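Structure data (mmCIF, C-alpha atoms) from target_16.cif:
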```cif
data_entry
#
loop_
_atom_site.label_atom_id
_atom_site.label_comp_id
_atom_site.auth_asym_id
_atom_site.auth_seq_id
_atom_site.Cartn_x
_atom_site.Cartn_y
_atom_site.Cartn_z
CA ALA F 1 -0.39 40.51 -28.87
CA ASP F 2 -1.68 41.90 -25.62
CA PHE F 3 -0.49 39.66 -22.76
CA SER F 4 -1.78 41.98 -20.04
CA ALA F 5 -4.98 39.92 -19.83
CA ALA F 6 -3.06 36.77 -18.91
CA VAL F 7 -3.61 36.06 -15.21
CA LYS F 8 -0.44 34.93 -13.49
CA ARG F 9 -0.94 32.61 -10.54
CA ALA F 10 0.41 33.98 -7.26
CA ARG F 11 3.41 31.95 -6.00
CA ASN F 12 1.64 31.09 -2.76
CA ASP F 13 -1.46 29.85 -4.59
CA SER F 14 -0.19 26.32 -5.04
CA GLY F 15 -3.71 24.89 -5.39
CA ASN F 16 -5.53 22.10 -3.52
CA LYS F 17 -3.51 19.99 -1.09
CA VAL F 18 -3.66 16.21 -1.19
CA THR F 19 -4.19 14.14 1.96
CA VAL F 20 -2.07 10.98 2.01
CA VAL F 21 -2.61 7.64 3.79
CA LEU F 22 0.47 5.43 4.06
CA GLY F 23 1.26 2.11 5.71
CA ALA F 24 3.81 2.65 8.48
CA GLN F 25 4.84 -1.01 8.94
CA TRP F 26 5.08 -4.01 6.59
CA GLY F 27 1.58 -3.67 5.12
CA ASP F 28 -1.78 -5.09 6.23
CA GLU F 29 -2.24 -2.28 8.79
CA GLY F 30 -5.85 -1.48 7.92
CA LYS F 31 -5.15 1.35 5.44
CA GLY F 32 -8.33 0.51 3.52
CA LYS F 33 -10.46 1.36 6.56
CA VAL F 34 -8.78 4.76 7.09
CA VAL F 35 -9.02 5.55 3.36
CA ASP F 36 -12.67 4.54 3.40
CA LEU F 37 -13.28 6.83 6.39
CA LEU F 38 -11.69 9.79 4.55
CA ALA F 39 -13.06 8.84 1.10
CA THR F 40 -16.63 9.53 2.20
CA GLU F 41 -15.70 13.25 2.20
CA SER F 42 -13.29 13.16 -0.77
CA ASP F 43 -13.84 14.24 -4.37
CA VAL F 44 -10.86 12.29 -5.79
CA VAL F 45 -9.11 9.17 -4.43
CA CYS F 46 -5.81 8.17 -6.10
CA ARG F 47 -3.46 5.19 -6.18
CA CYS F 48 0.12 6.24 -6.94
CA GLN F 49 2.28 3.06 -6.84
CA GLY F 50 2.23 -0.73 -6.61
CA GLY F 51 -0.17 -2.98 -8.46
CA ASN F 52 -2.51 -5.82 -7.56
CA ASN F 53 0.11 -7.02 -5.06
CA ALA F 54 -1.74 -4.73 -2.63
CA GLY F 55 -4.90 -5.85 -0.90
CA HIS F 56 -7.30 -3.55 0.94
CA THR F 57 -10.50 -4.79 2.57
CA VAL F 58 -13.33 -2.34 3.18
CA VAL F 59 -16.55 -3.22 5.03
CA VAL F 60 -19.66 -1.17 4.15
CA ASP F 61 -23.18 -2.12 5.33
CA GLU F 62 -21.82 -5.51 6.39
CA LYS F 63 -20.57 -6.19 2.85
CA GLU F 64 -16.87 -6.90 2.54
CA TYR F 65 -15.18 -5.50 -0.58
CA ASP F 66 -11.62 -6.53 -1.55
CA PHE F 67 -9.60 -4.07 -3.61
CA HIS F 68 -6.22 -4.71 -5.21
CA LEU F 69 -5.89 -2.20 -8.06
CA LEU F 70 -9.02 -0.12 -7.66
CA PRO F 71 -8.71 2.76 -5.19
CA SER F 72 -10.91 2.05 -2.12
CA GLY F 73 -12.82 5.27 -2.89
CA ILE F 74 -14.54 3.52 -5.82
CA ILE F 75 -17.39 2.62 -3.41
CA SER F 76 -18.27 6.28 -2.95
CA THR F 77 -20.68 7.49 -5.66
CA LYS F 78 -19.56 11.14 -5.24
CA CYS F 79 -15.89 10.36 -5.76
CA THR F 80 -13.60 9.96 -8.80
CA SER F 81 -11.04 7.15 -8.46
CA PHE F 82 -7.71 7.68 -10.22
CA ILE F 83 -5.02 5.10 -11.01
CA GLY F 84 -1.82 7.12 -11.44
CA ASN F 85 1.27 6.73 -13.64
CA GLY F 86 3.29 5.08 -10.85
CA VAL F 87 0.89 2.12 -10.68
CA VAL F 88 1.51 -1.04 -12.73
CA ILE F 89 -1.70 -2.49 -14.16
CA HIS F 90 -2.53 -6.12 -14.91
CA LEU F 91 -5.66 -5.67 -17.04
CA PRO F 92 -7.11 -9.19 -16.56
CA GLY F 93 -6.64 -8.70 -12.79
CA LEU F 94 -8.35 -5.30 -12.91
CA PHE F 95 -11.45 -6.63 -14.69
CA GLU F 96 -11.61 -9.75 -12.50
CA GLU F 97 -11.59 -7.44 -9.47
CA ILE F 98 -14.31 -5.23 -10.98
CA ASP F 99 -16.50 -8.29 -11.76
CA LYS F 100 -16.12 -9.69 -8.22
CA ASN F 101 -17.02 -6.37 -6.60
CA GLU F 102 -19.95 -5.82 -9.01
CA LYS F 103 -21.41 -9.11 -7.73
CA LYS F 104 -21.18 -7.65 -4.21
CA GLY F 105 -23.10 -4.54 -5.29
CA LEU F 106 -20.52 -2.11 -6.76
CA LYS F 107 -22.34 -0.01 -9.37
CA GLY F 108 -21.46 2.83 -11.77
CA TRP F 109 -17.67 2.38 -11.36
CA ASP F 110 -17.09 3.12 -15.08
CA LYS F 111 -18.37 6.68 -14.56
CA ARG F 112 -15.98 7.21 -11.65
CA LEU F 113 -12.71 5.52 -12.70
CA VAL F 114 -9.85 7.33 -14.48
CA ILE F 115 -6.61 5.61 -15.56
CA SER F 116 -3.36 7.42 -16.36
CA ASP F 117 -2.08 6.80 -19.90
CA ARG F 118 1.48 6.69 -18.48
CA ALA F 119 0.88 3.67 -16.20
CA HIS F 120 2.90 0.58 -17.16
CA ILE F 121 1.24 -2.69 -18.14
CA VAL F 122 1.77 -5.97 -16.28
CA PHE F 123 1.60 -8.84 -18.79
CA ASP F 124 0.76 -12.46 -17.93
CA PHE F 125 4.35 -13.35 -18.86
CA HIS F 126 5.62 -10.87 -16.23
CA GLN F 127 3.74 -12.99 -13.69
CA ALA F 128 5.27 -16.18 -15.10
CA VAL F 129 8.75 -14.61 -14.91
CA ASP F 130 8.07 -13.54 -11.31
CA GLY F 131 7.43 -17.20 -10.45
CA LEU F 132 10.53 -18.41 -12.34
CA GLN F 133 12.72 -15.83 -10.58
CA GLU F 134 11.46 -17.00 -7.18
CA VAL F 135 12.27 -20.63 -8.07
CA GLN F 136 15.72 -19.54 -9.25
CA ARG F 137 16.40 -17.58 -6.03
CA GLN F 138 15.36 -20.60 -3.97
CA ALA F 139 17.71 -22.86 -5.94
CA GLN F 140 20.69 -20.48 -5.93
CA GLU F 141 20.46 -18.79 -2.54
CA GLY F 142 18.35 -21.23 -0.55
CA GLN F 143 15.65 -18.58 -0.04
CA ASN F 144 13.32 -16.49 -2.16
CA ILE F 145 11.94 -12.99 -1.58
CA GLY F 146 8.38 -14.18 -1.00
CA THR F 147 6.81 -12.02 -3.72
CA THR F 148 3.07 -12.22 -4.46
CA LYS F 149 3.99 -13.58 -7.97
CA LYS F 150 1.76 -10.89 -9.48
CA GLY F 151 4.49 -9.75 -11.90
CA ILE F 152 5.09 -6.44 -10.12
CA GLY F 153 8.90 -6.68 -9.79
CA PRO F 154 9.51 -7.73 -13.41
CA THR F 155 7.22 -4.90 -14.64
CA TYR F 156 9.06 -2.23 -12.65
CA ALA F 157 12.36 -3.77 -13.86
CA CYS F 158 11.09 -3.40 -17.45
CA LYS F 159 10.13 0.19 -16.72
CA ALA F 160 13.64 0.95 -15.42
CA SER F 161 15.34 -0.82 -18.33
CA ARG F 162 13.10 1.10 -20.81
CA THR F 163 11.56 -2.01 -22.36
CA GLY F 164 8.15 -1.61 -20.67
CA LEU F 165 4.87 -0.83 -22.41
CA ARG F 166 2.36 1.69 -21.10
CA ILE F 167 -1.40 2.16 -21.33
CA CYS F 168 -0.78 4.94 -23.93
CA ASP F 169 0.95 2.35 -26.16
CA LEU F 170 -2.06 0.05 -25.92
CA MET F 171 -4.32 2.99 -26.86
CA ALA F 172 -2.23 3.79 -29.99
CA ASP F 173 -1.40 1.63 -33.06
CA PHE F 174 -2.10 -1.98 -32.05
CA SER F 175 0.23 -3.54 -34.64
CA GLU F 176 3.15 -1.45 -33.32
CA PHE F 177 2.17 -2.45 -29.76
CA SER F 178 2.05 -6.14 -30.79
CA THR F 179 5.54 -5.99 -32.30
CA ARG F 180 6.97 -4.51 -29.11
CA VAL F 181 5.23 -7.13 -26.95
CA LYS F 182 6.65 -9.93 -29.14
CA ASN F 183 10.16 -8.47 -28.87
CA LEU F 184 9.83 -8.27 -25.10
CA VAL F 185 8.75 -11.92 -24.94
CA LEU F 186 11.79 -12.97 -27.03
CA GLN F 187 14.03 -11.02 -24.66
CA TYR F 188 12.58 -12.87 -21.65
CA GLN F 189 12.77 -16.26 -23.38
CA SER F 190 16.47 -15.75 -24.07
CA MET F 191 16.95 -15.23 -20.30
CA TYR F 192 14.46 -17.92 -19.19
CA PRO F 193 14.43 -20.76 -21.77
CA ALA F 194 11.71 -22.57 -19.75
CA LEU F 195 9.29 -19.64 -20.25
CA LYS F 196 6.28 -20.62 -22.37
CA VAL F 197 4.16 -17.73 -23.65
CA ASP F 198 0.99 -17.77 -25.75
CA VAL F 199 1.72 -14.34 -27.29
CA GLU F 200 -1.17 -14.38 -29.76
CA GLY F 201 -3.63 -15.41 -27.05
CA GLU F 202 -2.44 -12.63 -24.72
CA LEU F 203 -2.56 -10.01 -27.51
CA LYS F 204 -6.10 -11.06 -28.47
CA LYS F 205 -7.24 -10.54 -24.85
CA LEU F 206 -5.40 -7.21 -24.63
CA LYS F 207 -7.15 -5.94 -27.77
CA GLU F 208 -10.51 -6.56 -26.06
CA TYR F 209 -9.35 -4.93 -22.80
CA ALA F 210 -8.07 -1.93 -24.77
CA GLU F 211 -11.61 -1.13 -25.94
CA ARG F 212 -13.05 -1.64 -22.46
CA ILE F 213 -10.63 0.79 -20.81
CA ARG F 214 -10.41 3.35 -23.65
CA PRO F 215 -13.21 5.57 -22.20
CA LEU F 216 -11.40 5.61 -18.82
CA VAL F 217 -7.92 6.61 -20.01
CA ARG F 218 -6.77 10.22 -19.65
CA ASP F 219 -3.51 12.16 -19.62
CA GLY F 220 -2.81 11.62 -15.92
CA VAL F 221 -0.54 14.63 -15.44
CA TYR F 222 -3.17 17.00 -16.83
CA PHE F 223 -5.91 15.24 -14.82
CA MET F 224 -3.99 15.85 -11.55
CA TYR F 225 -3.05 19.41 -12.54
CA ASP F 226 -6.71 20.12 -13.17
CA ALA F 227 -7.76 18.52 -9.87
CA ILE F 228 -5.19 20.58 -7.93
CA HIS F 229 -5.62 23.94 -9.67
CA GLY F 230 -9.33 23.79 -10.43
CA PRO F 231 -12.13 24.54 -7.93
CA PRO F 232 -11.53 23.51 -4.27
CA LYS F 233 -11.47 19.73 -4.01
CA LYS F 234 -10.69 17.14 -1.35
CA ILE F 235 -8.05 14.85 -2.86
CA LEU F 236 -6.96 11.67 -1.11
CA VAL F 237 -3.99 9.45 -1.96
CA GLU F 238 -4.07 5.80 -0.93
CA GLY F 239 -0.61 4.30 -0.46
CA ALA F 240 -0.20 0.59 -1.18
CA ASN F 241 2.23 -1.83 0.54
CA ALA F 242 4.08 0.00 3.35
CA ALA F 243 7.15 1.91 4.47
CA LEU F 244 9.23 -1.10 5.52
CA LEU F 245 8.61 -2.60 2.08
CA ASP F 246 9.84 0.57 0.32
CA ILE F 247 12.47 -0.18 -2.34
CA ASP F 248 14.82 2.47 -0.84
CA PHE F 249 14.01 2.50 2.86
CA GLY F 250 12.62 -0.98 3.56
CA THR F 251 14.31 -4.21 4.65
CA TYR F 252 16.03 -4.62 1.26
CA PRO F 253 16.03 -6.99 -0.62
CA PHE F 254 12.84 -8.28 1.06
CA VAL F 255 10.85 -5.31 -0.18
CA THR F 256 8.44 -4.36 -2.94
CA SER F 257 9.61 -2.68 -6.17
CA SER F 258 8.22 0.83 -5.67
CA ASN F 259 8.47 3.77 -3.27
CA CYS F 260 5.63 3.39 -0.78
CA THR F 261 6.83 6.32 1.34
CA VAL F 262 5.73 9.91 0.72
CA GLY F 263 8.10 10.54 -2.25
CA GLY F 264 6.19 7.95 -4.31
CA VAL F 265 3.12 10.18 -4.15
CA CYS F 266 4.85 13.00 -6.06
CA THR F 267 6.43 10.78 -8.74
CA GLY F 268 3.49 8.36 -8.98
CA LEU F 269 0.93 11.09 -9.67
CA GLY F 270 3.06 13.91 -11.13
CA ILE F 271 2.39 16.42 -8.38
CA PRO F 272 4.84 18.81 -6.65
CA PRO F 273 5.81 18.41 -2.95
CA ALA F 274 4.13 21.77 -2.19
CA ASN F 275 0.76 20.06 -2.79
CA ILE F 276 1.28 17.37 -0.16
CA GLY F 277 -1.01 18.21 2.76
CA ASP F 278 -1.65 16.00 5.81
CA VAL F 279 0.10 12.62 5.79
CA TYR F 280 -1.51 9.91 7.93
CA GLY F 281 0.39 6.75 8.82
CA VAL F 282 -1.55 3.58 9.58
CA SER F 283 -0.11 1.13 12.06
CA LYS F 284 -1.45 -1.84 13.97
CA ALA F 285 -1.24 -1.87 17.76
CA TYR F 286 1.19 -4.75 17.14
CA THR F 287 3.36 -5.62 14.13
CA THR F 288 3.08 -8.19 11.33
CA ARG F 289 4.85 -9.02 8.10
CA VAL F 290 4.08 -11.46 5.29
CA GLY F 291 6.84 -13.38 3.53
CA ILE F 292 10.53 -13.48 4.32
CA GLY F 293 12.97 -10.91 5.71
CA ALA F 294 14.32 -9.42 8.92
CA PHE F 295 11.79 -8.98 11.72
CA PRO F 296 13.72 -8.31 14.94
CA THR F 297 10.74 -8.30 17.32
CA GLU F 298 9.02 -11.43 15.93
CA GLN F 299 7.21 -13.60 18.49
CA LEU F 300 7.79 -17.24 17.54
CA ASN F 301 5.74 -18.42 20.50
CA ALA F 302 2.21 -18.73 21.91
CA VAL F 303 1.79 -14.93 21.89
CA GLY F 304 2.65 -14.79 18.17
CA GLU F 305 0.15 -17.59 17.48
CA LEU F 306 -2.52 -15.83 19.53
CA LEU F 307 -2.09 -12.59 17.55
CA GLN F 308 -2.24 -14.56 14.30
CA THR F 309 -5.45 -16.33 15.28
CA ARG F 310 -7.28 -13.46 17.02
CA GLY F 311 -6.21 -10.91 14.41
CA HIS F 312 -7.02 -13.26 11.45
CA GLU F 313 -3.53 -12.45 10.19
CA VAL F 314 -3.67 -13.79 6.65
CA GLY F 315 -2.61 -11.71 3.60
CA VAL F 316 -5.55 -10.43 1.47
CA THR F 317 -3.59 -10.96 -1.76
CA THR F 318 -1.70 -14.22 -1.10
CA GLY F 319 -3.62 -15.96 1.70
CA ARG F 320 -0.26 -16.44 3.51
CA LYS F 321 -0.14 -16.41 7.30
CA ARG F 322 1.41 -13.19 8.60
CA ARG F 323 4.30 -13.29 11.04
CA CYS F 324 3.46 -11.45 14.27
CA ALA F 325 5.27 -9.33 16.85
CA LEU F 326 3.99 -7.83 20.04
CA CYS F 327 5.46 -4.40 19.89
CA PHE F 328 5.79 -1.03 18.36
CA SER F 329 9.51 -0.91 17.66
CA LEU F 330 12.14 1.71 16.92
CA CYS F 331 11.64 1.17 13.19
CA GLN F 332 8.47 3.21 13.67
CA TYR F 333 10.64 6.05 14.95
CA PHE F 334 12.88 5.86 11.89
CA LEU F 335 9.82 5.89 9.68
CA MET F 336 8.42 9.09 11.05
CA VAL F 337 11.40 10.79 9.40
CA VAL F 338 10.96 9.03 6.04
CA LEU F 339 7.16 9.27 6.01
CA CYS F 340 6.97 12.81 7.51
CA LEU F 341 3.71 11.90 9.23
CA PHE F 342 1.13 14.36 10.46
CA SER F 343 -0.65 11.79 12.66
CA ILE F 344 -1.30 8.08 13.00
CA ALA F 345 -4.22 5.66 12.94
CA LEU F 346 -3.54 2.85 15.41
CA THR F 347 -5.65 -0.16 14.38
CA LYS F 348 -6.64 -3.53 15.87
CA LEU F 349 -6.20 -2.49 19.51
CA ASP F 350 -8.96 -4.99 20.38
CA ILE F 351 -6.72 -7.92 19.38
CA LEU F 352 -4.56 -7.15 22.45
CA ASP F 353 -7.56 -7.32 24.84
CA VAL F 354 -6.74 -10.83 26.16
CA LEU F 355 -3.03 -10.33 26.85
CA ASP F 356 -1.55 -10.29 30.36
CA GLU F 357 1.23 -7.96 29.33
CA ILE F 358 2.28 -5.95 26.28
CA LYS F 359 5.85 -5.33 25.25
CA VAL F 360 6.92 -2.24 23.34
CA GLY F 361 10.27 -2.27 21.56
CA VAL F 362 11.87 1.06 22.45
CA ALA F 363 15.45 0.72 21.19
CA TYR F 364 17.83 -1.42 19.16
CA LYS F 365 21.26 -2.44 20.46
CA ILE F 366 24.20 -3.58 18.36
CA ASN F 367 27.03 -5.18 20.38
CA GLY F 368 25.43 -3.83 23.54
CA LYS F 369 25.35 -0.23 22.25
CA ARG F 370 22.07 1.58 21.58
CA VAL F 371 21.64 2.77 17.98
CA PRO F 372 19.28 5.64 17.12
CA TYR F 373 18.57 4.29 13.61
CA PHE F 374 17.20 1.29 11.73
CA PRO F 375 20.19 -0.71 10.37
CA ALA F 376 20.28 -0.94 6.56
CA ASN F 377 22.28 -4.19 6.39
CA LEU F 378 20.17 -7.30 6.90
CA GLU F 379 22.91 -9.33 8.60
CA VAL F 380 23.28 -6.54 11.15
CA LEU F 381 19.50 -6.23 11.53
CA GLN F 382 19.18 -9.99 12.21
CA LYS F 383 21.63 -9.60 15.14
CA VAL F 384 20.16 -6.53 16.85
CA GLU F 385 18.97 -6.87 20.43
CA VAL F 386 15.66 -5.21 21.16
CA GLU F 387 15.12 -3.27 24.36
CA TYR F 388 11.53 -3.58 25.60
CA GLU F 389 9.25 -1.62 27.88
CA THR F 390 6.52 -3.83 29.39
CA PHE F 391 2.94 -2.71 30.12
CA PRO F 392 0.20 -4.58 32.00
CA GLY F 393 -2.64 -5.81 29.76
CA TRP F 394 -6.16 -4.39 30.27
CA LYS F 395 -7.92 -7.78 30.01
CA THR F 396 -11.17 -6.05 28.96
CA ASP F 397 -13.16 -6.23 25.71
CA THR F 398 -12.64 -2.92 23.86
CA SER F 399 -14.57 -3.79 20.69
CA ALA F 400 -17.65 -1.80 21.78
CA ALA F 401 -15.66 1.37 22.59
CA ARG F 402 -16.70 4.35 20.45
CA LYS F 403 -14.92 7.20 22.24
CA TRP F 404 -11.64 7.69 24.13
CA SER F 405 -13.33 7.59 27.56
CA ASP F 406 -14.79 4.11 26.75
CA LEU F 407 -11.26 2.63 26.66
CA PRO F 408 -9.86 1.09 29.89
CA PRO F 409 -7.18 3.26 31.61
CA LYS F 410 -4.45 0.66 30.92
CA ALA F 411 -5.24 0.75 27.18
CA GLN F 412 -5.16 4.56 27.32
CA ASN F 413 -1.71 4.41 28.99
CA TYR F 414 -0.42 2.09 26.26
CA ILE F 415 -1.68 4.42 23.51
CA ARG F 416 -0.22 7.54 25.16
CA PHE F 417 3.15 5.81 25.61
CA VAL F 418 3.28 4.83 21.92
CA GLU F 419 2.32 8.38 20.95
CA ASN F 420 5.08 9.93 23.09
CA HIS F 421 7.64 7.34 22.02
CA ILE F 422 7.23 8.03 18.30
CA GLY F 423 6.52 11.73 18.69
CA VAL F 424 3.48 11.70 16.38
CA PRO F 425 -0.11 12.23 17.61
CA ILE F 426 -2.56 9.33 17.28
CA LYS F 427 -5.70 10.58 15.53
CA TRP F 428 -7.71 7.33 15.36
CA VAL F 429 -7.78 4.12 17.39
CA GLY F 430 -9.35 1.08 15.70
CA VAL F 431 -11.17 -1.57 17.74
CA GLY F 432 -12.93 -3.58 15.01
CA LYS F 433 -13.58 -4.08 11.32
CA SER F 434 -16.26 -1.56 10.42
CA ARG F 435 -16.18 2.25 10.01
CA GLU F 436 -17.91 2.80 13.37
CA CYS F 437 -15.04 1.03 15.16
CA MET F 438 -12.57 3.90 14.51
CA ILE F 439 -12.41 6.14 17.60
CA GLN F 440 -11.47 9.69 16.56
CA MET F 441 -9.22 11.38 19.11
CA PHE F 442 -9.10 14.96 17.74
#
```
Is it possible to give me this structure as structure tokens?
Amino acid sequence: ADFSAAVKRARNDSGNKVTVVLGAQWGDEGKGKVVDLLATESDVVCRCQGGNNAGHTVVVDEKEYDFHLLPSGIISTKCTSFIGNGVVIHLPGLFEEIDKNEKKGLKGWDKRLVISDRAHIVFDFHQAVDGLQEVQRQAQEGQNIGTTKKGIGPTYACKASRTGLRICDLMADFSEFSTRVKNLVLQYQSMYPALKVDVEGELKKLKEYAERIRPLVRDGVYFMYDAIHGPPKKILVEGANAALLDIDFGTYPFVTSSNCTVGGVCTGLGIPPANIGDVYGVSKAYTTRVGIGAFPTEQLNAVGELLQTRGHEVGVTTGRKRRCALCFSLCQYFLMVVLCLFSIALTKLDILDVLDEIKVGVAYKINGKRVPYFPANLEVLQKVEVEYETFPGWKTDTSAARKWSDLPPKAQNYIRFVENHIGVPIKWVGVGKSRECMIQMF
């Protein structure tokens, strides 16, 4: 055979780069808006981890779309949306989400959605187990994790213990799939005797869903390879959850069950690190977290309540009130290392418009000594003292600002300080809900 015709790819021709948008706090930073901004120019938008425990709101033409499993790029008619192998998929949740957004005007999604055959399936009984585990934690330890009860943790646990089932299994022999589902249910019932499962009912529904998603399912690794090494394409990756909820780097155990930092992009889509291009972190001009866990700069006072009310700080997925803090703390600094950010989108600056003063957490102290890192141990983290820098408020409405020069000088000072403190340039400043409210800095 003559192999001389085979064209070998040059080592430096690593293909198209992917642009990544990640949450840099505890979630709810306004990632959906940044993704939506970038998705208008993208050919492919991907989700690489998490499940319908994520919630992204996107406003287009005064219509508000809520996405949990669908990539936010699904709105764009020129764009393919891809759910990668690192995502866990609850099929009833996916179709409920599609139906809701269709009622709001989403059209032609079935021509633009691709699902990896290696993604794991979230069953209804995973959600039931999630609830039982939370009850058990409350009874045994006096506190739970505060999960969304969407079955995400139990599904990732199944994946790690090699008992999980994937989309490719649902696409293959259904009787073999059914047997494995029944065995998994028995395994759970031996651990949780109170668990009631209508296996036949769930399998019947899954058989219907299997036919609905069959046209959308592809080999995800080959799909991404093709997207990267084919003609030039703009590929965007939408991170779910956020860095401080990362299973490795977050405030463990009050975290999610996947890697929401940049490493999750490679494993959740099957792409090499060489193909990671610009990484944008999204952060609010203040800090919030939903659920339980360490939060050193939390404002349990009138300021915290003001941020909650003005910022409508309620979780998109759970409807829980978010806990609020008035600062940009050192944990951001730690995250720049883990996230390897190119630049940041600072959102919701307008929520700070009414404040007399703004505090920025610049360092943590343990036993009076400054520490240059974010403590891993929760007991230690609960005891840290935070060192603050205080800035005067601008007491001016910024919601109509559309360029940097429209912002009051005191707001500009605050933004520049944050930028210098974390050592990452701020590319966008958000002053409202819609696309137009994102001021581009460079």
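For the pair atom CA of Val35 of chain F and atom CA of Glu238 of chain F, the separation is 6.6 Å.
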For Thr57 of chain F, which residue among F:Arg435, F:Ile247, F:Leu22, F:Leu381 is the nearest when counting all atoms listed in the file?
->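 Residue with the minimum atom-to-atom distance to Thr57 of chain F: F:Arg435.
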Which value, in Å to one decimal, gives the distance between atom CA of Glu62 of chain F and atom CA of Gly432 of chain F?
-> 12.5 Å
List the residues selected by the PyMOL selection byres ((chain F and resi 353-355) around 8) in the file shown, writing them as a list in words.
->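 Those residues are Leu349, Asp350, Ile351, Leu352, Asp356, Glu357, Ile358, Gly393, Trp394, Lys395, Thr396, Asp397 and Thr398 of chain F.
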Any idea what's packed within 9 Å of Tyr192 of chain F, counting all atoms listed in the file, ignoring anything in its chain fewer than 4 positions away? Could you give it as a PyMOL selection string?
-> chain F and resi 129+132+187-188
Tell me which protein, DNA and RNA residues are within 12 Å of Val135 of chain F, counting only C-alpha atoms, leaving out same-chain ones fewer than 2 positions away, and put them as an mmCIF file with C-alpha atoms, keeping the file's coordinate frame.
```cif
data_model
loop_
_atom_site.group_PDB
_atom_site.id
_atom_site.type_symbol
_atom_site.label_atom_id
_atom_site.label_comp_id
_atom_site.auth_asym_id
_atom_site.auth_seq_id
_atom_site.Cartn_x
_atom_site.Cartn_y
_atom_site.Cartn_z
ATOM 1 C CA ALA F 128 5.270 -16.180 -15.100
ATOM 2 C CA VAL F 129 8.750 -14.610 -14.910
ATOM 3 C CA ASP F 130 8.070 -13.540 -11.310
ATOM 4 C CA GLY F 131 7.430 -17.200 -10.450
ATOM 5 C CA LEU F 132 10.530 -18.410 -12.340
ATOM 6 C CA GLN F 133 12.720 -15.830 -10.580
ATOM 7 C CA ARG F 137 16.400 -17.580 -6.030
ATOM 8 C CA GLN F 138 15.360 -20.600 -3.970
ATOM 9 C CA ALA F 139 17.710 -22.860 -5.940
ATOM 10 C CA GLN F 140 20.690 -20.480 -5.930
ATOM 11 C CA GLU F 141 20.460 -18.790 -2.540
ATOM 12 C CA GLY F 142 18.350 -21.230 -0.550
ATOM 13 C CA GLN F 143 15.650 -18.580 -0.040
ATOM 14 C CA ASN F 144 13.320 -16.490 -2.160
ATOM 15 C CA ILE F 145 11.940 -12.990 -1.580
ATOM 16 C CA GLY F 146 8.380 -14.180 -1.000
ATOM 17 C CA THR F 147 6.810 -12.020 -3.720
ATOM 18 C CA LYS F 149 3.990 -13.580 -7.970
ATOM 19 C CA TYR F 192 14.460 -17.920 -19.190
ATOM 20 C CA ALA F 194 11.710 -22.570 -19.750
#
```
Point (7.0, 2.6, 24.2) neighbourhood (9 Å, only C-alpha atoms) written as a short mmCIF file (atom, residue, chain, number, x, y, z; two decimals) with C-alpha atoms, in the frame of the given file:
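Wrote point.cif, looks like this:
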```cif
data_model
loop_
_atom_site.label_atom_id
_atom_site.label_comp_id
_atom_site.auth_asym_id
_atom_site.auth_seq_id
_atom_site.Cartn_x
_atom_site.Cartn_y
_atom_site.Cartn_z
CA CYS F 327 5.46 -4.40 19.89
CA PHE F 328 5.79 -1.03 18.36
CA SER F 329 9.51 -0.91 17.66
CA LEU F 330 12.14 1.71 16.92
CA LYS F 359 5.85 -5.33 25.25
CA VAL F 360 6.92 -2.24 23.34
CA GLY F 361 10.27 -2.27 21.56
CA VAL F 362 11.87 1.06 22.45
CA TYR F 388 11.53 -3.58 25.60
CA GLU F 389 9.25 -1.62 27.88
CA THR F 390 6.52 -3.83 29.39
CA PHE F 391 2.94 -2.71 30.12
CA TYR F 414 -0.42 2.09 26.26
CA ILE F 415 -1.68 4.42 23.51
CA ARG F 416 -0.22 7.54 25.16
CA PHE F 417 3.15 5.81 25.61
CA VAL F 418 3.28 4.83 21.92
CA GLU F 419 2.32 8.38 20.95
CA ASN F 420 5.08 9.93 23.09
CA HIS F 421 7.64 7.34 22.02
CA ILE F 422 7.23 8.03 18.30
#
```
Name the residues in contact with segment 68-71 of chain F at a cut-off of 6 Å, using only C-alpha atoms, excluding same-chain residues fewer than 2 positions from it; report them as a tab-separated table (two decimals) with C-alpha atoms, in the coordinates of the input.
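Below you can see around-v3.tsv, which holds the result:
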```tsv
chain	number	residue	atom	x	y	z
F	47	ARG	CA	-3.46	5.19	-6.18
F	51	GLY	CA	-0.17	-2.98	-8.46
F	52	ASN	CA	-2.51	-5.82	-7.56
F	54	ALA	CA	-1.74	-4.73	-2.63
F	55	GLY	CA	-4.90	-5.85	-0.90
F	73	GLY	CA	-12.82	5.27	-2.89
F	74	ILE	CA	-14.54	3.52	-5.82
F	81	SER	CA	-11.04	7.15	-8.46
```
Could you pull the residues within 12 Å of Ile98 of chain F, counting only C-alpha atoms, minus those fewer than 5 positions along the same chain, as a list in words?
->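 Skipping anything fewer than 5 positions along the chain leaves Tyr65, Asp66, Phe67, His68, Leu69, Leu70, Pro71, Ser72, Ile74, Ile75, Leu91, Pro92, Gly93, Lys103, Lys104, Gly105, Leu106, Lys107, Gly108, Trp109, Asp110 and Leu113 of chain F.
Distance check against Phe95 of chain F using only C-alpha atoms: of F:Tyr373, F:Tyr222, F:Trp428, F:Tyr209, the minimum falls on F:Tyr209.
Going from atom CA of Asp226 of chain F over to atom CA of Asp169 of chain F, you cover 23.3 Å.
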May I ask which of the residues F:Ala160, F:Val18, F:Tyr225, F:Lys234 is the closest one to Lys78 of chain F, counting all atoms listed in the file?
->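 The closest residue to Lys78 of chain F is F:Lys234.
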Which residue, F:Ala376, F:Leu165, F:Val282, F:Leu206, has the smallest gap to Glu29 of chain F when you use all atoms listed in the file?
->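 Among F:Ala376, F:Leu165, F:Val282, F:Leu206, it is F:Val282 that comes nearest to Glu29 of chain F.
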